[in-house]
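Enquirer: For reference, the structure I am asking about is given below.
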Amino acid sequence: MSLLTLSKVSASYGASQALFGVSLKLAEGEVMALMGRNGMGKSTTVKCICRMLPAQGQIVFDGHDLTHLPSHRTARLGIGLVPEGRRCFASLTVQENLMAAARAGEWDLAKVAGLFPRLAERKHQLSASLSGGEQQMLAIGRALMTNPRLLILDEATEGLAPIIRQEIWAAVAELKAKTGMSILVIDKSVKELRGVCDSAVILERGRSVWRGAMSELTDEITHDYVGV
């Protein structure tokens, strides 16, 4: 059963059209990669899902038509976003950032600390004082504190040191193995995506041009649509 379905979704920024009929289906418990070169519509698709950008077509999450819902109601249905650029609340501590997003459920401060021990060590620090990698861990932890059914990671490893990138990928793998949470991952690291994702959708100039199991994603396809 599909948890999230996009059917022929189009979107524009003013007079400039960015998406041209994007479609995908994400099942309950599935980890999907949304791939493509820069500027091909990946983050725009995320904005449409989270209702931060008006869209035409149909977006259905857990049986609910999201097309005309405001973003806050969409979030309450169970979509947790880790936005590109982290966007932590700079004037709040680590713990305050986490509590600001908290909703009742399995994920709480202790469980987030188990996934990212550094956050427990720095819980009284202002988020502005954290390293980029620690801020990324905080952004993921904050999304988990909403106890989502779908976690969206938009470029969660971009610009991070290799050792921190591996910590983030290890956390994604742990979420997949231990929670059964549905995850949509936007990232450029094909090797790491192969290690954690069940399936992939590739966007090219605002269109979904390939979709299938990650095992079917060949080097030729990635060269044509993802490589530099």
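As shown in the structure tokens, the chain order sets the letters A, B, ...; within each chain, residues go from 1, and ligands are also counted from 1 in the order they appear.
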Step one, run DSSP on the backbone; step two, keep only residues of region 45-209 of chain A assigned to strand (DSSP E or B); then write them as a ChimeraX atom specification.
Expert: /A:56-61,64-65,79-82,93,126,150-154,182-186,199-204,207-209
Enquirer: Using DSSP secondary structure from the backbone, list all alpha helix (DSSP H) positions within region 60-174 of chain A, as a PyMOL selection string.
Expert: chain A and resi 71-76+94-100+109-115+117-121+132-144+162-174
Enquirer: Which residue, A:Arg86, A:Arg118, A:Gly14, A:Ser7, has the smallest gap to Asp65 (chain A) when you use only C-alpha atoms?
Expert: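 The closest residue to Asp65 (chain A) is A:Ser7.
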Enquirer: Which residues are close to region 102-114 of chain A, i.e. within 9 Å by only C-alpha atoms, leaving aside same-chain residues fewer than 3 positions away? Reply as a ChimeraX atom specification.
Expert: /A:95,98-99,117-121,140-147
Enquirer: Can you tell me how far CA of Gln136 (chain A) sits from CA of Val226 (chain A), in Å to one decimal?
Expert: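 If I compute the distance from CA of Gln136 (chain A) to CA of Val226 (chain A), I get 23.8 Å.
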Enquirer: Let me make sure I understand: among A:Glu174, A:Glu216, A:Glu134, A:Asp62, which one has the smallest atom-to-atom distance to Thr157 (chain A) if we use only C-alpha atoms?
Expert: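 Result for the nearest residue to Thr157 (chain A): A:Glu134.
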Enquirer: When you draw a straight line from CA of Ala11 (chain A) to CA of Gly78 (chain A), how long is it in Å?
Expert: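 CA of Gly78 (chain A) lies 22.7 Å from CA of Ala11 (chain A).
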Enquirer: Excluding same-chain residues fewer than 4 positions from region 223-225 of chain A, what lies within 9 Å of it counting only C-alpha atoms, as a list in words?
Expert: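 Answer for this query is Met35, Gly36, Arg37, Ile202, Leu203, Glu204, Val209, Thr218 and Asp219 of chain A.
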Enquirer: Can you spit out the residues from that selection as a PDB file, in the first residue's frame, using C-alpha atoms?
Expert:
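Result went into part-v9.pdb, see below:
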ATOM      1  CA  MET A  35      17.804  11.756  -7.563  1.00  0.00           C
ATOM      2  CA  GLY A  36      18.942  14.095 -10.307  1.00  0.00           C
ATOM      3  CA  ARG A  37      21.432  16.833 -11.014  1.00  0.00           C
ATOM      4  CA  ILE A 202      15.167  10.342 -11.070  1.00  0.00           C
ATOM      5  CA  LEU A 203      14.151  13.845 -12.109  1.00  0.00           C
ATOM      6  CA  GLU A 204      15.389  15.555 -15.251  1.00  0.00           C
ATOM      7  CA  VAL A 209      12.312  10.172 -16.192  1.00  0.00           C
ATOM      8  CA  THR A 218      22.638   0.887 -13.594  1.00  0.00           C
ATOM      9  CA  ASP A 219      25.840   2.878 -13.929  1.00  0.00           C
TER      10      ASP A 219
END
Enquirer: Calculated over only C-alpha atoms, which of the candidates A:Leu6, A:Ala15, A:Ala101, A:Ala75 has the smallest distance to Gln56 (chain A)?
Expert: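 So, comparing all the options, the nearest one is A:Leu6.
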Enquirer: Using only C-alpha atoms, which of the listed residues (A:Glu167, A:Met181, A:Thr5, A:Ala100) sits closest to His64 (chain A)?
Expert: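 Looking at the shortest contact to His64 (chain A), the residue is A:Thr5.
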Enquirer: Calculated over only C-alpha atoms, which of the candidates A:Ser131, A:Ser10, A:Thr179, A:Thr222 has the smallest distance to Thr67 (chain A)?
Expert: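 Of the candidates, the smallest distance to Thr67 (chain A) is held by A:Ser10.
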Enquirer: If we count only C-alpha atoms and set the cut-off at 9 Å, which residues sit around Gly159 (chain A), ignoring sequence neighbours fewer than 2 positions away in its own chain? Please answer as JSON, numbers by chain.
Expert: {"A": [132, 133, 156, 157, 161, 165]}
Enquirer: Please produce an output containing N, CA and C atoms for each residue in the selection, written as a PDB file, in the first residue's frame.
Expert:
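Once written, selection01.pdb looks like this:
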ATOM      1  N   GLY A 132      28.736  22.274  11.755  1.00  0.00           N
ATOM      2  CA  GLY A 132      27.757  21.982  10.719  1.00  0.00           C
ATOM      3  C   GLY A 132      27.196  20.577  10.830  1.00  0.00           C
ATOM      4  N   GLY A 133      28.065  19.616  11.122  1.00  0.00           N
ATOM      5  CA  GLY A 133      27.610  18.241  11.264  1.00  0.00           C
ATOM      6  C   GLY A 133      26.679  18.056  12.445  1.00  0.00           C
ATOM      7  N   ALA A 156      20.901  15.997   3.225  1.00  0.00           N
ATOM      8  CA  ALA A 156      21.304  15.948   4.632  1.00  0.00           C
ATOM      9  C   ALA A 156      22.799  15.790   4.851  1.00  0.00           C
ATOM     10  N   THR A 157      23.555  15.431   3.815  1.00  0.00           N
ATOM     11  CA  THR A 157      25.001  15.269   4.001  1.00  0.00           C
ATOM     12  C   THR A 157      25.810  16.301   3.228  1.00  0.00           C
ATOM     13  N   ALA A 161      31.961  17.096   6.497  1.00  0.00           N
ATOM     14  CA  ALA A 161      33.203  16.328   6.452  1.00  0.00           C
ATOM     15  C   ALA A 161      32.877  14.850   6.260  1.00  0.00           C
ATOM     16  N   ARG A 165      29.590  12.694   7.427  1.00  0.00           N
ATOM     17  CA  ARG A 165      28.689  12.120   6.423  1.00  0.00           C
ATOM     18  C   ARG A 165      28.418  10.655   6.723  1.00  0.00           C
TER      19      ARG A 165
END
